[in-house]
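Below is the file start00.csv, which contains CSV, C-alpha atoms.
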chain,number,residue,atom,x,y,z
H,1340,MET,CA,0.0,0.0,0.0
H,1341,THR,CA,1.4,3.4,-1.0
H,1342,ARG,CA,1.7,5.7,2.0
H,1343,VAL,CA,0.9,9.5,1.8
H,1344,PRO,CA,4.2,11.5,2.1
H,1345,ARG,CA,4.6,13.2,5.5
H,1346,ARG,CA,6.9,15.7,7.0
H,1347,ALA,CA,10.4,14.3,7.6
H,1348,ASP,CA,10.2,14.9,11.4
H,1349,VAL,CA,7.3,12.4,11.7
H,1350,PRO,CA,8.4,8.8,11.6
H,1351,ARG,CA,6.5,6.4,9.4
H,1352,ARG,CA,3.9,4.1,11.0
H,1353,ALA,CA,4.7,0.5,11.2
H,1354,ASP,CA,2.2,-2.1,9.9
H,1355,LEU,CA,0.7,-3.0,13.2
H,1356,PRO,CA,-2.7,-4.7,14.0
H,1357,ARG,CA,-5.4,-2.4,15.1
H,1358,TYR,CA,-5.2,-3.5,18.8
H,1359,LEU,CA,-1.6,-2.2,18.9
H,1360,ALA,CA,-2.3,1.0,16.9
H,1361,PRO,CA,-5.9,2.0,17.5
H,1362,LEU,CA,-5.6,5.7,16.6
H,1363,PRO,CA,-6.1,6.9,13.1
H,1364,GLU,CA,-2.8,7.5,11.4
H,1365,SER,CA,-3.7,11.1,10.6
H,1366,LEU,CA,-4.4,11.7,14.3
H,1367,GLU,CA,-1.0,10.2,15.2
H,1368,ASP,CA,0.7,12.4,12.6
H,1369,LEU,CA,-1.0,15.5,13.9
H,1370,ALA,CA,-0.2,14.8,17.5
H,1371,LEU,CA,3.5,14.1,16.7
H,1372,ARG,CA,3.8,17.3,14.6
H,1373,TYR,CA,2.5,19.3,17.6
H,1374,ALA,CA,4.2,17.2,20.2
H,1375,TRP,CA,5.5,20.2,22.1
H,1376,VAL,CA,1.9,21.3,22.8
H,1377,ILE,CA,1.2,17.8,24.2
H,1378,VAL,CA,4.4,18.1,26.3
H,1379,ALA,CA,3.2,21.4,27.7
H,1380,VAL,CA,-0.3,20.1,28.5
H,1381,ASN,CA,1.2,17.1,30.3
H,1382,ILE,CA,3.6,19.3,32.4
H,1383,VAL,CA,0.5,21.3,33.5
H,1384,GLY,CA,-1.3,18.0,34.2
H,1385,THR,CA,1.7,16.9,36.3
H,1386,ALA,CA,1.6,20.1,38.4
H,1387,PHE,CA,-2.2,19.7,38.8
H,1388,GLY,CA,-1.8,16.1,39.8
H,1389,PHE,CA,0.7,16.9,42.5
H,1390,TRP,CA,-1.7,19.5,43.8
H,1391,TYR,CA,-4.5,17.0,43.7
H,1392,TYR,CA,-2.6,14.6,45.9
H,1393,GLY,CA,-1.8,17.4,48.4
H,1394,PHE,CA,1.3,19.3,47.4
H,1395,HIS,CA,-0.3,22.8,47.7
H,1396,LEU,CA,2.0,25.7,46.6
H,1397,LEU,CA,-1.3,27.5,46.1
H,1398,PRO,CA,-3.5,28.8,47.6
H,1399,LEU,CA,-1.1,30.3,50.2
H,1400,SER,CA,-3.7,29.8,52.9
H,1401,ASP,CA,-3.3,26.0,52.6
H,1402,SER,CA,-0.6,23.9,54.3
H,1403,LEU,CA,2.1,23.0,51.8
H,1404,ILE,CA,1.6,19.3,52.4
H,1405,THR,CA,-2.0,18.2,52.8
H,1406,TRP,CA,-4.5,15.4,51.8
H,1407,GLN,CA,-2.8,12.1,50.8
H,1408,PHE,CA,0.8,13.3,51.0
H,1409,ALA,CA,0.1,14.4,54.6
H,1410,VAL,CA,-1.3,10.9,55.5
H,1411,GLU,CA,1.3,8.7,53.8
H,1412,PRO,CA,4.8,8.3,55.2
H,1413,PRO,CA,7.2,10.6,53.4
H,1414,VAL,CA,9.5,7.7,52.4
H,1415,MET,CA,6.6,6.3,50.3
H,1416,TRP,CA,5.8,9.6,48.5
H,1417,PRO,CA,7.4,8.5,45.2
H,1418,PHE,CA,4.7,5.8,45.0
H,1419,VAL,CA,1.7,8.0,45.7
H,1420,PRO,CA,1.2,10.4,42.8
H,1421,ASP,CA,0.8,7.8,40.1
H,1422,SER,CA,-1.1,9.8,37.5
H,1423,PRO,CA,1.2,12.9,37.6
H,1424,VAL,CA,4.3,10.7,37.4
H,1425,ALA,CA,2.8,9.1,34.3
H,1426,THR,CA,2.1,12.5,32.7
H,1427,PHE,CA,5.7,13.5,33.5
H,1428,PHE,CA,6.9,10.3,31.8
H,1429,ILE,CA,4.9,11.0,28.6
H,1430,ALA,CA,6.1,14.6,28.6
H,1431,ALA,CA,9.7,13.4,28.9
H,1432,SER,CA,9.2,10.7,26.3
H,1433,LEU,CA,7.8,13.1,23.6
H,1434,GLY,CA,10.3,15.8,24.6
H,1435,LEU,CA,13.3,13.6,24.4
H,1436,TRP,CA,12.2,12.2,21.0
H,1437,LYS,CA,11.7,15.8,19.6
H,1438,LEU,CA,15.1,16.8,20.8
H,1439,GLY,CA,16.7,13.8,19.1
H,1440,ARG,CA,17.6,12.1,22.5
H,1441,ASN,CA,15.1,9.3,22.4
H,1442,SER,CA,15.2,7.1,25.5
H,1443,GLU,CA,13.6,3.6,25.3
H,1444,VAL,CA,13.4,3.3,29.1
H,1445,VAL,CA,11.4,6.5,29.3
H,1446,ASN,CA,9.3,5.5,26.4
H,1447,ALA,CA,8.4,2.2,28.1
H,1448,LEU,CA,7.7,3.9,31.4
H,1449,ALA,CA,5.5,6.4,29.6
H,1450,PHE,CA,3.6,3.7,27.8
H,1451,PHE,CA,2.9,1.7,30.9
H,1452,GLY,CA,2.1,4.8,33.0
H,1453,CYS,CA,-0.4,6.4,30.6
H,1454,LEU,CA,-2.1,3.1,29.8
H,1455,LYS,CA,-2.2,1.9,33.4
H,1456,LEU,CA,-3.4,5.1,35.0
H,1457,GLY,CA,-5.4,6.2,32.0
H,1458,LEU,CA,-7.5,3.1,32.3
H,1459,TRP,CA,-7.4,2.5,36.1
H,1460,THR,CA,-8.7,5.9,37.0
H,1461,PRO,CA,-11.9,5.8,34.8
H,1462,PHE,CA,-12.4,2.2,36.0
H,1463,VAL,CA,-12.5,3.2,39.7
H,1464,LEU,CA,-14.5,6.3,38.9
H,1465,LEU,CA,-17.2,4.1,37.4
H,1466,ALA,CA,-16.9,1.3,39.9
H,1467,PHE,CA,-17.3,3.6,42.8
H,1468,MET,CA,-19.3,6.4,41.2
H,1469,GLU,CA,-21.5,7.1,44.2
H,1470,GLY,CA,-18.5,7.3,46.5
H,1471,PHE,CA,-16.9,10.0,44.3
H,1472,SER,CA,-20.0,12.2,44.6
H,1473,TYR,CA,-17.9,14.6,46.7
H,1474,ASN,CA,-16.3,15.8,43.4
H,1475,SER,CA,-18.2,18.3,41.4
H,1476,VAL,CA,-19.6,17.1,38.1
H,1477,LEU,CA,-17.0,19.2,36.4
H,1478,MET,CA,-14.1,17.7,38.3
H,1479,TYR,CA,-15.5,14.2,37.9
H,1480,ASN,CA,-15.7,14.5,34.2
H,1481,PHE,CA,-12.3,16.2,34.0
H,1482,LEU,CA,-10.7,13.3,35.8
H,1483,PHE,CA,-12.5,10.8,33.7
H,1484,TRP,CA,-11.9,12.2,30.2
H,1485,SER,CA,-8.4,13.5,30.9
H,1486,HIS,CA,-7.2,10.1,32.0
H,1487,LEU,CA,-8.7,8.5,28.9
H,1488,GLY,CA,-6.7,11.0,27.0
H,1489,MET,CA,-3.6,9.5,28.6
H,1490,VAL,CA,-4.5,6.2,27.0
H,1491,ALA,CA,-4.5,7.8,23.6
H,1492,GLU,CA,-1.1,9.3,24.3
H,1493,ALA,CA,0.2,5.9,25.1
H,1494,PHE,CA,-0.6,4.7,21.6
H,1495,LEU,CA,1.6,7.4,20.0
H,1496,ILE,CA,4.7,6.0,21.4
H,1497,HIS,CA,5.0,3.0,19.0
H,1498,ARG,CA,5.7,5.5,16.2
H,1499,TYR,CA,9.2,6.3,17.7
H,1500,SER,CA,9.8,3.3,20.0
H,1501,ASP,CA,10.6,-0.3,19.4
H,1502,PHE,CA,10.0,-1.3,23.0
H,1503,PRO,CA,13.2,-3.3,23.5
H,1504,VAL,CA,12.9,-6.0,26.1
H,1505,GLY,CA,15.3,-4.4,28.6
H,1506,ALA,CA,13.2,-1.2,28.6
H,1507,VAL,CA,10.0,-3.1,29.0
H,1508,LEU,CA,11.6,-5.0,32.0
H,1509,VAL,CA,12.3,-1.7,33.7
H,1510,ALA,CA,8.7,-0.6,33.3
H,1511,VAL,CA,7.3,-4.0,34.5
H,1512,VAL,CA,9.6,-3.8,37.6
H,1513,TRP,CA,8.5,-0.2,38.4
H,1514,TYR,CA,4.8,-0.6,37.9
H,1515,GLY,CA,4.8,-4.2,39.2
H,1516,PHE,CA,6.5,-2.9,42.4
H,1517,ASN,CA,3.9,-0.1,42.6
H,1518,ASP,CA,1.2,-2.8,42.5
H,1519,VAL,CA,2.9,-4.7,45.3
H,1520,VAL,CA,3.2,-1.7,47.7
H,1521,ASP,CA,-0.2,-0.2,46.6
H,1522,TYR,CA,-2.2,-3.3,47.3
H,1523,PHE,CA,-0.4,-6.3,48.8
H,1524,ILE,CA,2.8,-5.7,50.8
H,1525,PRO,CA,3.1,-2.0,52.0
H,1526,LEU,CA,6.7,-1.3,53.0
H,1527,VAL,CA,5.6,1.3,55.6
H,1528,GLY,CA,2.2,1.6,57.2
H,1529,THR,CA,-0.8,0.6,55.1
H,1530,PRO,CA,-1.1,0.1,51.2
H,1531,HIS,CA,-0.3,3.2,49.3
H,1532,HIS,CA,-2.7,3.3,46.3
H,1533,THR,CA,-4.7,6.5,45.5
H,1534,ALA,CA,-7.3,7.2,48.1
H,1535,LEU,CA,-10.7,5.7,47.2
H,1536,PRO,CA,-14.2,6.3,48.6
H,1537,GLY,CA,-14.8,4.8,52.1
H,1538,GLN,CA,-11.2,4.9,53.3
H,1539,GLU,CA,-10.5,6.5,56.6
H,1540,VAL,CA,-7.4,8.1,57.9
H,1541,LEU,CA,-5.5,6.0,60.4
H,1542,ALA,CA,-2.3,6.6,62.4
H,1543,THR,CA,-0.1,4.9,59.8
H,1544,GLY,CA,-2.0,5.6,56.6
H,1545,PHE,CA,-5.5,4.8,55.3
H,1546,SER,CA,-8.0,2.0,56.1
H,1547,HIS,CA,-8.7,-0.3,53.1
H,1548,PRO,CA,-12.3,-1.6,53.3
H,1549,SER,CA,-13.3,-4.7,51.4
H,1550,PRO,CA,-14.3,-5.1,48.6
H,1551,THR,CA,-13.2,-1.7,47.4
H,1552,HIS,CA,-9.6,-2.6,47.9
H,1553,GLU,CA,-9.8,-5.9,46.1
H,1554,ILE,CA,-11.7,-4.4,43.1
H,1555,ALA,CA,-9.1,-1.6,42.7
H,1556,ALA,CA,-6.3,-4.1,43.1
H,1557,ALA,CA,-7.7,-6.4,40.4
H,1558,GLY,CA,-8.1,-3.6,38.0
H,1559,ALA,CA,-4.5,-2.4,38.5
H,1560,VAL,CA,-2.9,-5.9,38.1
H,1561,VAL,CA,-4.9,-6.7,35.0
H,1562,ILE,CA,-3.9,-3.4,33.4
H,1563,THR,CA,-0.2,-4.0,34.2
H,1564,ILE,CA,-0.4,-7.4,32.6
H,1565,ALA,CA,-2.2,-5.9,29.5
H,1566,ALA,CA,0.4,-3.2,29.2
H,1567,THR,CA,3.2,-5.8,29.3
H,1568,PHE,CA,1.5,-7.8,26.6
H,1569,LEU,CA,0.9,-4.8,24.4
H,1570,ALA,CA,4.4,-3.5,24.6
H,1571,LEU,CA,6.0,-6.9,23.9
H,1572,ALA,CA,3.5,-7.6,21.1
H,1573,THR,CA,4.4,-4.3,19.5
H,1574,ARG,CA,8.1,-5.3,19.7
H,1575,VAL,CA,7.3,-8.7,18.1
H,1576,LYS,CA,5.1,-7.3,15.3
H,1577,LYS,CA,7.8,-4.7,14.4
H,1578,LEU,CA,10.5,-7.3,14.2
H,1579,GLU,CA,8.2,-9.5,12.1
H,1580,ALA,CA,7.6,-6.6,9.7
H,1581,ARG,CA,11.4,-6.2,9.2
H,1582,ALA,CA,12.1,-9.9,8.7
Structure re-expressed in structure tokens:
Amino acid sequence: MTRVPRRADVPRRADLPRYLAPLPESLEDLALRYAWVIVAVNIVGTAFGFWYYGFHLLPLSDSLITWQFAVEPPVMWPFVPDSPVATFFIAASLGLWKLGRNSEVVNALAFFGCLKLGLWTPFVLLAFMEGFSYNSVLMYNFLFWSHLGMVAEAFLIHRYSDFPVGAVLVAVVWYGFNDVVDYFIPLVGTPHHTALPGQEVLATGFSHPSPTHEIAAAGAVVITIAATFLALATRVKKLEARA
């Protein structure tokens, strides 16, 4: 099939099955041409995400550290703001690619992060909809649709990444370890996943009522497995196309 010529700074799309490249090629091209805009949006999203978890530079009337950051032990803070870390990874992935300093490890972390948090957050928002009623309709919809947008971003990365096995291993270790401390074996205090409806503040973290905890854990683990399969399947299909 003859491909339509595109600007030299946009890599050609590999011949991948739809489940690995679900976005229209024209949309991928547009997003990659304006990647710096997406980088900027994700940097803003990262800042908002840290604010959402309780790092409040503004308003000045608030404590600097509040909400979930204030409850979790400081040593576990790197494992708390999952979504803003994922938006940072995708901003770094696109930015490094645009600068000609492509990093496959960052690409893999961005793919896993955007896919995982982009799906897990809408999943829990729907599963525990009544419990999230403390959010305004505007905030609820912003959280829902902005996280689905992260999923779309994840499916841009195949255009400039081959997902080498070593890089995928780093992402599996990072997000697999996150699942362990978030739901199964907390290193300090209680499990460290994003606070969900029905949890109460304890002396060493949050309570984790059943079945909310189990439902959230199942969703997280399934998505981690799916991200691993999709990354490695992309690797295999690209190698097959070159053979």
- prompt: What does the distance between atom CA of H:Glu1492 and atom CA of H:Thr1426 come to in Å, to one decimal place?
  reply: 9.5 Å
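For the pair atom CA of H:Leu1456 and atom CA of H:Val1575, the separation is 24.3 Å.
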field: Contacts of H:Arg1498 within 10 Å, only C-alpha atoms, excl. fewer than 6 positions in-chain, as JSON, numbers by chain
entry: {"H": [1349, 1350, 1351, 1352, 1353, 1360, 1364, 1367, 1368, 1371]}
- prompt: Restricting the calculation to only C-alpha atoms, which member of H:Ala1542, H:Val1424, H:Ala1374, H:Ala1466 is positioned closest to H:Pro1412?
  reply: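 Ranking H:Ala1542, H:Val1424, H:Ala1374, H:Ala1466 by distance to H:Pro1412, first place goes to H:Ala1542.
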Who sits within 12 Å of H:Ala1580, only C-alpha atoms, same chain under 2 positions skipped, as a list in words: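 Skipping anything fewer than 2 positions along the chain leaves Arg1352, Ala1353, Asp1354, Leu1355, Pro1356, Asp1501, Thr1573, Arg1574, Val1575, Lys1576, Lys1577, Leu1578 and Ala1582 of chain H.
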- request: Write out as an MDAnalysis selection string which residues come within 9 Å of H:Ile1377 when counting all atoms listed in the file, dropping same-chain ones fewer than 4 positions away.
  value: chainID H and resid 1370:1371 1373 1381:1382 1429:1430 1433 1492
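Considering the residues H:Trp1406, H:Gly1537, H:Met1468, H:Phe1568 and counting only C-alpha atoms, H:Val1419 has its shortest atom-to-atom contact with H:Trp1406.
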query: Out of H:Val1512, H:Pro1536, H:Arg1440, H:Val1376, which residue has the shortest atom-to-atom distance to H:Ser1549 when counting only C-alpha atoms?
result: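 Between H:Val1512, H:Pro1536, H:Arg1440, H:Val1376, the residue approaching H:Ser1549 most closely is H:Pro1536.
Straight-line separation from atom CA of H:Ser1546 to atom CA of H:Pro1525: 12.5 Å.
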message: Env of stretch 1441-1455 of chain H: 7 Å cut, atoms = all atoms listed in the file, seq-sep filter 3 positions within chain, self excluded. Answer as a list in words.
response: Ala1425, Thr1426, Phe1428, Ile1429, Ser1432, Leu1435, Trp1436, Leu1458, Trp1459, Met1489, Val1490, Glu1492, Ala1493, Ile1496, Ser1500, Phe1502, Ala1506, Val1507, Val1509, Ala1510, Ile1562, Thr1563 and Ala1566 of chain H
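For H:Gly1528, the set of protein, DNA and RNA residues having any atom at most 8 Å away, when counting all atoms listed in the file and skipping those fewer than 5 positions along the same chain, is Glu1411, Pro1412, Thr1543 and Gly1544 of chain H.
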task: Check the smallest atom-to-atom distance from each of H:Val1520, H:Ala1409, H:Leu1438, H:Leu1464 to H:Phe1481 using all atoms listed in the file, then report the winner.
output: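 Closest candidate: H:Leu1464.
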query: In terms of the shortest atom-to-atom distance over only C-alpha atoms, which of H:Phe1467, H:Leu1495, H:Ile1554, H:Phe1408 is closest to H:His1395?
result: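 Once distances to H:His1395 are computed over only C-alpha atoms, the minimum belongs to H:Phe1408.
Closest approach to H:Leu1362 from the set H:Gly1488, H:Val1519, H:Thr1551, H:Leu1482 is made by H:Gly1488, with distances taken over all atoms listed in the file.
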